[in-house]
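To start, the structure itself, in structure tokens.
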Amino acid sequence: STSGVSAGIVCDVTKFGAIGDGKTDNTKAFQSAINVCLNNGFVTVPPGNFLSGPLTIDGAFLFELHLQQGATLLAANDIATYPVQNGNYQNFITMNNGRTSWLSGPGTIDGQGEVWWTEFRNGTLKNGRPMLVAVSNCVGVRIYDLTLRNSPMFHVVLGAQDAEVVNVTIEAPFDSPNTG
């Protein structure tokens with residue numbers, strides 16, 4: 001069931017081909033579900049471990065990405081899957097130019113940051129690390145009831161008006177660099 005935004009379209013990522021086995025690349029399935037539900041839609045992620053590359057939510061209106069209890073969205077930990085933009089690797093979830101756009105749980109978004117932290121510490125990264133969730137030029141953003149874990153860099157960067165982050169747990173090892 002929907003939890004916040006009143007959805008006209010409901011998109012279950014598994015209906016778009018996503019497989020929650022922790023191994024299959026689900027980037028195309030997730031991005032397709034997001035694109036179909038971008039306006040007045042609700043993307044739901046059922047229990048499972050869903051691996052994905054970077055995702056973009058651009059120009060959404062009345063949109064929600066909802067991770068159910070037991071659902072984990074795993075950021076791909078292969079640096080080569082992240083395009084470079086303006087000297088930085090693309091953020092895992094980018095929300096741009098949206099109005100009333102929400103990310104909700106009780107599921108988890110796991111950045112699998114260890115590979116990034118190792119490359120950063122070794123000085124071998126050629127570009128800036130990605131953020132787990134980056135929001136820019138949005139109004140009415142809600143991020144709630146989620147666990148955000150092990151971001152390559154910052155977990156949430158908000159460039160929004162009327163933004164709320166509520167009941168969000170952020171987890172990362174004490175020695176993970178710049179993940180606050």
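Each chain in the structure tokens gets a letter, A, B and so on, in the order shown; residues start at 1 in every chain, and ligands are counted from 1 in the order they appear.
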Subject >> Filtered DSSP result for region 8-160 of chain A, state strand (DSSP E or B), as a PyMOL selection string >> reply: chain A and resi 9-12+21-25+39-45+48-52+55-58+61-67+71-75+84-85+88-89+93-96+99-104+108-110+128+133-144+147-149+156-160
**OP:** Name all residues at most 12 Å from Ala80 (chain A) (count only C-alpha atoms; drop same-chain ones fewer than 6 positions away) and give them as a list in words.
**Re:**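 What passes the distance filter is Gly53, Pro54, Tyr89, Gln90, Val115, Trp116, Leu125, Lys126 and Asn127 of chain A.
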Just to be explicit: take each residue in the selection above, keep C-alpha atoms, and write the result as an mmCIF file, in the first residue's frame.
```cif
data_model
loop_
_atom_site.group_PDB
_atom_site.id
_atom_site.type_symbol
_atom_site.label_atom_id
_atom_site.label_comp_id
_atom_site.auth_asym_id
_atom_site.auth_seq_id
_atom_site.Cartn_x
_atom_site.Cartn_y
_atom_site.Cartn_z
ATOM 1 C CA GLY A 53 23.751 1.357 -10.646
ATOM 2 C CA PRO A 54 23.008 5.083 -10.381
ATOM 3 C CA TYR A 89 31.104 10.117 -10.085
ATOM 4 C CA GLN A 90 27.319 10.200 -10.544
ATOM 5 C CA VAL A 115 35.407 -0.089 -2.316
ATOM 6 C CA TRP A 116 35.125 3.705 -2.551
ATOM 7 C CA LEU A 125 40.214 7.682 -7.255
ATOM 8 C CA LYS A 126 40.322 9.936 -10.309
ATOM 9 C CA ASN A 127 37.081 11.776 -9.458
#
```
Original post:
For Gly87 (chain A), which of A:Pro130, A:Gly59, A:Pro106, A:Gly20 is the closest residue, counting only C-alpha atoms?
Top reply: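 Nearest candidate to Gly87 (chain A) out of A:Pro130, A:Gly59, A:Pro106, A:Gly20: A:Pro130.
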Original post:
Pick from A:Ala75, A:Ala134, A:Leu103, A:Ile34: nearest to Asn49 (chain A), with only C-alpha atoms counted?
Top reply: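 The closest residue to Asn49 (chain A) is A:Ala75.
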Original post:
For the atom pair CA of Cys37 (chain A) and CA of Arg99 (chain A), what is the interatomic distance in Å to one decimal place?
Top reply: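 Going from CA of Cys37 (chain A) over to CA of Arg99 (chain A) covers 13.6 Å.
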Original post:
Using only C-alpha atoms, which of A:Cys11, A:Ala76, A:Ala60, A:Val45 sits nearest Thr27 (chain A)?
Top reply: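 Between A:Cys11, A:Ala76, A:Ala60, A:Val45, the residue approaching Thr27 (chain A) most closely is A:Ala76.
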Subject >> Counting only C-alpha atoms, the residue of A:Glu119, A:Ser104, A:Leu55, A:Gly70 that sits nearest Pro83 (chain A) >> reply: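 Going through A:Glu119, A:Ser104, A:Leu55, A:Gly70 one by one, the smallest distance to Pro83 (chain A) is for A:Leu55.
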